[in-house]
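As stored in model.txt (compact mmCIF, C-alpha atoms):
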```txt
# COMPACT_ATOMS: atom_id res chain seq x y z
CA MET A 899 -48.81 -77.32 94.26
CA THR A 900 -46.06 -79.00 96.26
CA PRO A 901 -42.25 -78.58 96.35
CA LEU A 902 -42.09 -81.59 93.99
CA SER A 903 -44.44 -80.08 91.38
CA PRO A 904 -41.58 -78.79 89.17
CA CYS A 905 -40.37 -82.38 88.89
CA PHE A 906 -43.51 -83.25 86.97
CA ALA A 907 -44.45 -80.07 85.11
CA SER A 908 -42.94 -76.65 84.63
CA ASP A 909 -44.63 -73.45 83.50
CA LEU A 910 -42.30 -72.25 80.75
CA ASP A 911 -44.73 -69.83 79.07
CA ASP A 912 -42.39 -66.87 79.67
CA LEU A 913 -39.53 -68.72 77.98
CA MET A 914 -41.69 -69.61 74.98
CA ASP A 915 -43.05 -66.05 74.72
CA ARG A 916 -39.55 -64.56 74.84
CA TYR A 917 -37.82 -66.84 72.32
CA ARG A 918 -40.74 -68.06 70.16
CA PRO A 919 -39.07 -71.35 69.20
CA ASN A 920 -40.14 -73.11 66.01
CA ALA A 921 -40.46 -76.36 67.94
CA TRP A 922 -40.69 -77.60 71.51
CA ILE A 923 -39.80 -81.28 71.57
CA SER A 924 -40.26 -83.40 74.66
CA GLY A 925 -40.31 -87.02 75.59
CA HIS A 926 -40.88 -89.63 78.24
CA THR A 927 -44.51 -88.96 78.98
CA HIS A 928 -45.95 -92.07 77.27
CA ARG A 929 -48.68 -89.89 75.75
CA SER A 930 -48.22 -88.67 72.23
CA ALA A 931 -48.84 -85.04 71.37
CA ASP A 932 -48.55 -83.15 68.10
CA LEU A 933 -50.08 -79.68 68.18
CA ARG A 934 -49.33 -75.97 67.90
CA ALA A 935 -49.11 -73.49 70.76
CA PRO A 936 -51.00 -70.17 70.42
CA GLY A 937 -47.80 -68.45 69.18
CA GLY A 938 -47.35 -71.06 66.44
CA THR A 939 -44.69 -73.20 68.14
CA LEU A 940 -44.91 -76.87 67.20
CA LEU A 941 -45.35 -78.93 70.37
CA ARG A 942 -44.45 -82.55 69.87
CA ASN A 943 -43.83 -85.40 72.25
CA VAL A 944 -41.55 -87.90 70.56
CA SER A 945 -41.96 -90.64 73.14
CA VAL A 946 -42.88 -93.95 71.60
CA GLY A 947 -43.64 -95.65 74.91
CA TYR A 948 -43.55 -99.32 75.71
CA LYS A 949 -44.70 -102.06 73.36
CA HIS A 950 -47.78 -102.88 75.46
CA GLU A 951 -48.91 -99.24 75.24
CA PHE A 952 -49.20 -99.46 71.45
CA GLY A 953 -50.87 -102.84 71.17
CA SER A 954 -50.28 -104.91 68.07
CA GLY A 955 -49.56 -102.06 65.66
CA ASP A 956 -46.92 -101.78 62.98
CA PRO A 957 -43.47 -101.46 64.66
CA GLU A 958 -42.20 -99.24 61.83
CA ARG A 959 -45.07 -96.81 62.45
CA ARG A 960 -44.08 -96.59 66.11
CA VAL A 961 -40.49 -95.75 65.21
CA ARG A 962 -41.50 -93.22 62.54
CA LYS A 963 -43.76 -91.48 65.05
CA GLY A 964 -40.64 -90.57 67.04
CA LEU A 965 -38.80 -89.13 64.02
CA ILE A 966 -38.85 -85.42 63.28
CA ASP A 967 -37.98 -83.72 59.98
CA LEU A 968 -36.11 -80.71 61.38
CA ASP A 969 -35.91 -79.08 57.94
CA ARG A 970 -39.71 -78.85 57.80
CA ILE A 971 -40.28 -77.45 61.30
CA GLY A 972 -39.24 -73.93 60.26
CA GLU A 973 -41.64 -74.16 57.30
CA GLY A 974 -44.65 -74.53 59.60
CA GLU A 975 -44.94 -78.33 59.40
```
Exercise: express the given structure as C-alpha cells:
Amino acid sequence: MTPLSPCFASDLDDLMDRYRPNAWISGHTHRSADLRAPGGTLLRNVSVGYKHEFGSGDPERRVRKGLIDLDRIGEGE
C-alpha cells in the first residue's frame, strides 16, 4: 500500500454495510462487471471502454451494456 493507493481503489465496505444501497454503479475501469455483493447490492461497472477493446461487435450492444434500468434495481434485478 502506498500513499497513492486510494487513487486506484478504496475500501468502502463500511459505507456499503451501513447504508446497504440497492446498487453501486461505477465506471472508467475498462473491465465490465455485473454481480451482487454479499449483502445483495448490485455491483455494476457501466464503462463501455474503447472501440478496440470490444473488437468487431455490435455497436448497439456496447451502448446498451452501459444502460441501467433504475426501476428494476430495487426489484433485485
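The space between atom CA of Arg962 of chain A and atom CA of Ala907 of chain A spans 26.3 Å.
Of the listed residues A:Asp909, A:Asp967, A:Asn920, A:Asp915, the one whose atoms come nearest to Thr939 of chain A is A:Asn920, with distances taken using only C-alpha atoms.
The gap separating atom CA of Pro957 of chain A from atom CA of Arg970 of chain A is 23.9 Å, in Å to one decimal.
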With all atoms listed in the file as the counted atoms, please give the residues lying no more than 6 Å from Leu940 of chain A, apart from itself and same-chain residues fewer than 2 positions off, as an NGL selection string. :A and (921 or 933-934)
Between atom CA of Gly938 of chain A and atom CA of Asp969 of chain A lies a distance of 16.4 Å
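Here the question is which of A:Leu902, A:Asp911, A:Ile966, A:Val961 gets nearest to Pro936 of chain A using only C-alpha atoms, and that residue is A:Asp911.
With only C-alpha atoms as the atoms that count, the minimum distance from Met914 of chain A to the choices A:Asp956, A:Ala935, A:Ser945, A:Pro901 is reached by A:Ala935.
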